[in-house]
Protein chains: 2
Amino acid sequence: MPTPDTLVEGYIAMWNEPDAQRRRELVAQTVTDDASYVDPLMSGSGVDGIDAMIAAAQQQYPGHRFTLLTGPDAHNDRVRFSWAIAPDGGEPIAVGHDFATLAPDGRMSSITGFLDQP
Amino acid sequence: MPTPDTLVEGYIAMWNEPDAQRRRELVAQTVTDDASYVDPLMSGSGVDGIDAMIAAAQQQYPGHRFTLLTGPDAHNDRVRFSWAIAPDGGEPIAVGHDFATLAPDGRMSSITGFLDQP
């Protein structure tokens, strides 16, 4: 079972992965088959739905990468962390917090994203 | 259906309400019958379980009150906000963030609390 650090490292990596096959592998490692993701701008369900959502986000913000800002902070089957998204070498265009509930196998089953004031 | 502001106002009020009957009414207004609450220190399920959990917390910290620090920040069926707990007239002994998923009737069905660095 992944530690919160490993899990969230994989989560950030799946958002950043440019190779479609490798990205889907990372998504499948990180979220359950019936996982759901929702934030103020997008949503996705299941490994395929979340993978497609990330692919669309990557097309919308080419050359941007997510980095972990704080956390992960975990207790029981819950985890939270904050992140930034920035163009290569540039200032962040958005920062936010994500909160997840974990399945018994340690993958994320429900993820909620919130946008913070920059 | 309550607005996020009204909902979270009721949530803070239920944690602070000293009268047992009034407290249970506030809990029942704020969370669903099958709601679950979990933070690093305690957990509770359902209106009765969450009411009993709050009663125990009130006995552990007599004379302390919760106040809303930031939020609520809401989108879709999710809400987050931050809070402080302090003795009457004193400095906070803890601050934290809560995240909730809302049921179709607008009450909270799942609540996760996290403690922030003071």
# chains A, B, ... in the order shown; residues from 1 in each chain; ligands from 1
$ calpha_fit_and_write --fixed "chain A" --moving "chain B" --output "mmCIF file with C-alpha atoms, in the first residue's frame"
data_model
loop_
_atom_site.group_PDB
_atom_site.id
_atom_site.type_symbol
_atom_site.label_atom_id
_atom_site.label_comp_id
_atom_site.auth_asym_id
_atom_site.auth_seq_id
_atom_site.Cartn_x
_atom_site.Cartn_y
_atom_site.Cartn_z
ATOM 1 C CA MET B 1 0.019 0.019 0.006
ATOM 2 C CA PRO B 2 1.444 3.420 -0.939
ATOM 3 C CA THR B 3 2.424 5.932 1.713
ATOM 4 C CA PRO B 4 0.686 9.337 1.462
ATOM 5 C CA ASP B 5 3.958 10.756 0.112
ATOM 6 C CA THR B 6 4.195 8.133 -2.641
ATOM 7 C CA LEU B 7 0.496 8.405 -3.440
ATOM 8 C CA VAL B 8 0.554 12.180 -3.831
ATOM 9 C CA GLU B 9 3.829 12.017 -5.754
ATOM 10 C CA GLY B 10 2.048 9.728 -8.221
ATOM 11 C CA TYR B 11 -0.958 12.055 -8.294
ATOM 12 C CA ILE B 12 1.161 15.075 -9.246
ATOM 13 C CA ALA B 13 3.047 12.913 -11.779
ATOM 14 C CA MET B 14 -0.183 11.765 -13.478
ATOM 15 C CA TRP B 15 -1.231 15.400 -14.028
ATOM 16 C CA ASN B 16 2.180 16.172 -15.557
ATOM 17 C CA GLU B 17 2.782 13.040 -17.649
ATOM 18 C CA PRO B 18 2.811 13.909 -21.362
ATOM 19 C CA ASP B 19 2.873 10.306 -22.643
ATOM 20 C CA ALA B 20 -0.709 9.002 -22.944
ATOM 21 C CA GLN B 21 0.069 5.370 -22.105
ATOM 22 C CA ARG B 22 2.294 6.240 -19.149
ATOM 23 C CA ARG B 23 -0.268 8.783 -17.927
ATOM 24 C CA ARG B 24 -3.034 6.206 -17.883
ATOM 25 C CA GLU B 25 -0.774 3.812 -15.955
ATOM 26 C CA LEU B 26 -0.141 6.526 -13.359
ATOM 27 C CA VAL B 27 -3.879 7.309 -13.118
ATOM 28 C CA ALA B 28 -4.676 3.611 -12.618
ATOM 29 C CA GLN B 29 -2.007 3.383 -9.906
ATOM 30 C CA THR B 30 -3.370 6.439 -8.111
ATOM 31 C CA VAL B 31 -7.178 6.263 -8.288
ATOM 32 C CA THR B 32 -9.677 3.418 -8.008
ATOM 33 C CA ASP B 33 -11.757 2.170 -10.948
ATOM 34 C CA ASP B 34 -14.824 3.912 -9.497
ATOM 35 C CA ALA B 35 -13.033 7.070 -8.336
ATOM 36 C CA SER B 36 -14.566 10.492 -8.777
ATOM 37 C CA TYR B 37 -12.841 13.855 -9.165
ATOM 38 C CA VAL B 38 -14.468 17.268 -8.977
ATOM 39 C CA ASP B 39 -13.138 20.826 -8.783
ATOM 40 C CA PRO B 40 -14.704 24.174 -9.716
ATOM 41 C CA LEU B 41 -13.683 23.787 -13.389
ATOM 42 C CA MET B 42 -13.867 20.088 -14.274
ATOM 43 C CA SER B 43 -14.884 16.636 -13.170
ATOM 44 C CA GLY B 44 -14.220 13.027 -14.114
ATOM 45 C CA SER B 45 -15.222 9.516 -13.070
ATOM 46 C CA GLY B 46 -13.233 6.318 -13.066
ATOM 47 C CA VAL B 47 -9.724 5.741 -14.363
ATOM 48 C CA ASP B 48 -10.760 6.410 -17.969
ATOM 49 C CA GLY B 49 -12.812 9.500 -17.140
ATOM 50 C CA ILE B 50 -10.108 11.026 -14.947
ATOM 51 C CA ASP B 51 -7.438 10.187 -17.530
ATOM 52 C CA ALA B 52 -9.507 11.906 -20.258
ATOM 53 C CA MET B 53 -10.083 14.921 -18.000
ATOM 54 C CA ILE B 54 -6.323 15.289 -17.402
ATOM 55 C CA ALA B 55 -5.619 14.896 -21.132
ATOM 56 C CA ALA B 56 -8.050 17.764 -21.826
ATOM 57 C CA ALA B 57 -6.436 19.928 -19.118
ATOM 58 C CA GLN B 58 -2.993 19.259 -20.591
ATOM 59 C CA GLN B 59 -4.217 20.362 -24.039
ATOM 60 C CA GLN B 60 -5.691 23.516 -22.498
ATOM 61 C CA TYR B 61 -2.467 24.408 -20.650
ATOM 62 C CA PRO B 62 0.415 23.103 -22.793
ATOM 63 C CA GLY B 63 3.850 23.379 -21.210
ATOM 64 C CA HIS B 64 2.441 23.816 -17.697
ATOM 65 C CA ARG B 65 3.379 21.611 -14.762
ATOM 66 C CA PHE B 66 1.953 20.946 -11.330
ATOM 67 C CA THR B 67 4.186 21.030 -8.263
ATOM 68 C CA LEU B 68 3.391 20.071 -4.675
ATOM 69 C CA LEU B 69 3.355 23.099 -2.357
ATOM 70 C CA THR B 70 2.387 21.668 1.056
ATOM 71 C CA GLY B 71 1.614 18.238 2.432
ATOM 72 C CA PRO B 72 0.543 15.603 2.115
ATOM 73 C CA ASP B 73 -1.256 15.804 5.458
ATOM 74 C CA ALA B 74 -2.979 12.493 6.146
ATOM 75 C CA HIS B 75 -5.076 10.849 8.866
ATOM 76 C CA ASN B 76 -7.388 7.851 8.847
ATOM 77 C CA ASP B 77 -8.337 7.306 5.177
ATOM 78 C CA ARG B 78 -8.082 11.007 4.260
ATOM 79 C CA VAL B 79 -5.340 13.119 2.727
ATOM 80 C CA ARG B 80 -4.925 16.767 1.739
ATOM 81 C CA PHE B 81 -2.198 18.703 -0.011
ATOM 82 C CA SER B 82 -1.728 21.959 -1.886
ATOM 83 C CA TRP B 83 -0.302 22.499 -5.328
ATOM 84 C CA ALA B 84 0.607 25.110 -7.919
ATOM 85 C CA ILE B 85 0.446 25.008 -11.701
ATOM 86 C CA ALA B 86 2.938 27.097 -13.645
ATOM 87 C CA PRO B 87 4.298 27.405 -17.167
ATOM 88 C CA ASP B 88 7.870 26.181 -17.611
ATOM 89 C CA GLY B 89 10.083 28.600 -15.683
ATOM 90 C CA GLY B 90 7.201 30.969 -14.966
ATOM 91 C CA GLU B 91 5.037 32.123 -12.085
ATOM 92 C CA PRO B 92 2.056 29.978 -11.028
ATOM 93 C CA ILE B 93 -1.196 30.660 -12.855
ATOM 94 C CA ALA B 94 -3.204 28.898 -10.127
ATOM 95 C CA VAL B 95 -2.785 27.353 -6.703
ATOM 96 C CA GLY B 96 -5.166 25.097 -4.870
ATOM 97 C CA HIS B 97 -5.875 22.397 -2.318
ATOM 98 C CA ASP B 98 -6.968 18.853 -3.026
ATOM 99 C CA PHE B 99 -8.661 16.519 -0.559
ATOM 100 C CA ALA B 100 -9.030 12.810 -1.078
ATOM 101 C CA THR B 101 -10.654 9.826 0.538
ATOM 102 C CA LEU B 102 -8.661 6.616 0.176
ATOM 103 C CA ALA B 103 -9.924 3.140 -0.639
ATOM 104 C CA PRO B 104 -8.778 0.130 1.423
ATOM 105 C CA ASP B 105 -6.053 -0.541 -1.172
ATOM 106 C CA GLY B 106 -4.622 2.946 -0.578
ATOM 107 C CA ARG B 107 -5.658 4.497 -3.897
ATOM 108 C CA MET B 108 -7.835 7.609 -4.022
ATOM 109 C CA SER B 109 -11.565 6.911 -4.350
ATOM 110 C CA SER B 110 -12.867 10.480 -4.126
ATOM 111 C CA ILE B 111 -10.960 13.676 -4.867
ATOM 112 C CA THR B 112 -12.138 17.264 -4.417
ATOM 113 C CA GLY B 113 -10.122 20.192 -5.702
ATOM 114 C CA PHE B 114 -10.470 23.786 -4.477
ATOM 115 C CA LEU B 115 -8.798 26.885 -5.919
ATOM 116 C CA ASP B 116 -7.004 29.197 -3.493
ATOM 117 C CA GLN B 117 -6.517 32.925 -3.868
ATOM 118 C CA PRO B 118 -3.190 33.424 -5.659
#
$ select_by_dssp --residues "chain B" --states "alpha helix (DSSP H)" --output "ChimeraX atom specification"
/B:4-16,20-30,46-60
$ select_by_dssp --residues "stretch 1-92 of chain B" --states "strand (DSSP E)" --output "VMD selection string"
chain B and resid 31 to 38 43 to 45 64 to 75 78 to 87
$ write_last_selection --atoms "N, CA and C atoms" --output "compact mmCIF listing (two decimals), in the first residue's frame"
# COMPACT_ATOMS: atom_id res chain seq x y z
N VAL B 31 -26.41 17.85 9.46
CA VAL B 31 -25.86 16.62 8.89
C VAL B 31 -26.98 15.62 8.62
N THR B 32 -26.73 14.73 7.65
CA THR B 32 -27.73 13.71 7.31
C THR B 32 -27.72 12.58 8.35
N ASP B 33 -28.79 11.78 8.33
CA ASP B 33 -28.91 10.68 9.29
C ASP B 33 -27.76 9.69 9.18
N ASP B 34 -27.20 9.57 7.96
CA ASP B 34 -26.09 8.61 7.77
C ASP B 34 -24.75 9.32 7.59
N ALA B 35 -24.66 10.54 8.09
CA ALA B 35 -23.42 11.32 7.92
C ALA B 35 -22.27 10.69 8.70
N SER B 36 -21.06 10.97 8.22
CA SER B 36 -19.87 10.54 8.96
C SER B 36 -18.94 11.73 9.13
N TYR B 37 -18.29 11.76 10.29
CA TYR B 37 -17.31 12.81 10.61
C TYR B 37 -16.03 12.14 11.04
N VAL B 38 -14.90 12.64 10.55
CA VAL B 38 -13.61 12.12 11.04
C VAL B 38 -12.57 13.24 11.01
N SER B 43 -14.10 10.76 15.83
CA SER B 43 -14.96 10.43 14.71
C SER B 43 -16.35 10.15 15.25
N GLY B 44 -17.35 10.24 14.34
CA GLY B 44 -18.72 9.97 14.74
C GLY B 44 -19.56 9.69 13.51
N SER B 45 -20.63 8.90 13.70
CA SER B 45 -21.49 8.53 12.58
C SER B 45 -22.94 8.81 12.91
N HIS B 64 -14.85 26.68 25.85
CA HIS B 64 -14.22 27.00 24.57
C HIS B 64 -15.30 27.14 23.49
N ARG B 65 -15.00 27.97 22.51
CA ARG B 65 -15.94 28.18 21.40
C ARG B 65 -15.21 28.14 20.06
N PHE B 66 -15.92 27.62 19.08
CA PHE B 66 -15.42 27.65 17.70
C PHE B 66 -15.85 28.94 17.03
N THR B 67 -14.98 29.49 16.20
CA THR B 67 -15.35 30.60 15.32
C THR B 67 -14.90 30.26 13.90
N LEU B 68 -15.62 30.80 12.93
CA LEU B 68 -15.26 30.62 11.52
C LEU B 68 -14.13 31.58 11.17
N LEU B 69 -13.07 31.07 10.56
CA LEU B 69 -11.94 31.92 10.17
C LEU B 69 -12.01 32.31 8.70
N THR B 70 -12.17 31.34 7.81
CA THR B 70 -12.28 31.63 6.37
C THR B 70 -13.35 30.75 5.76
N GLY B 71 -13.95 31.26 4.68
CA GLY B 71 -14.97 30.51 3.97
C GLY B 71 -16.35 30.83 4.51
N PRO B 72 -17.33 30.02 4.13
CA PRO B 72 -17.19 28.82 3.32
C PRO B 72 -16.86 29.10 1.85
N ASP B 73 -16.10 28.14 1.29
CA ASP B 73 -15.78 28.11 -0.14
C ASP B 73 -16.46 26.86 -0.68
N ALA B 74 -17.40 27.06 -1.61
CA ALA B 74 -18.23 25.94 -2.06
C ALA B 74 -18.24 25.83 -3.57
N HIS B 75 -18.31 24.60 -4.09
CA HIS B 75 -18.58 24.35 -5.50
C HIS B 75 -19.20 22.97 -5.60
N ARG B 78 -19.66 20.32 -2.71
CA ARG B 78 -18.53 20.31 -1.77
C ARG B 78 -18.40 21.68 -1.11
N VAL B 79 -17.91 21.68 0.11
CA VAL B 79 -17.68 22.93 0.83
C VAL B 79 -16.46 22.77 1.73
N ARG B 80 -15.71 23.85 1.89
CA ARG B 80 -14.60 23.87 2.85
C ARG B 80 -14.63 25.19 3.60
N PHE B 81 -14.03 25.18 4.77
CA PHE B 81 -13.94 26.38 5.60
C PHE B 81 -12.90 26.12 6.67
N SER B 82 -12.39 27.21 7.26
CA SER B 82 -11.43 27.04 8.35
C SER B 82 -11.99 27.66 9.62
N TRP B 83 -11.51 27.19 10.73
CA TRP B 83 -12.06 27.55 12.03
C TRP B 83 -10.95 27.64 13.06
N ALA B 84 -11.31 28.26 14.20
CA ALA B 84 -10.43 28.28 15.37
C ALA B 84 -11.25 27.89 16.58
N ILE B 85 -10.62 27.30 17.57
CA ILE B 85 -11.27 27.06 18.85
C ILE B 85 -10.44 27.76 19.93
N ALA B 86 -11.14 28.52 20.77
CA ALA B 86 -10.45 29.33 21.78
C ALA B 86 -11.26 29.35 23.07
N PRO B 87 -10.57 29.47 24.20
CA PRO B 87 -11.29 29.69 25.45
C PRO B 87 -11.87 31.11 25.44
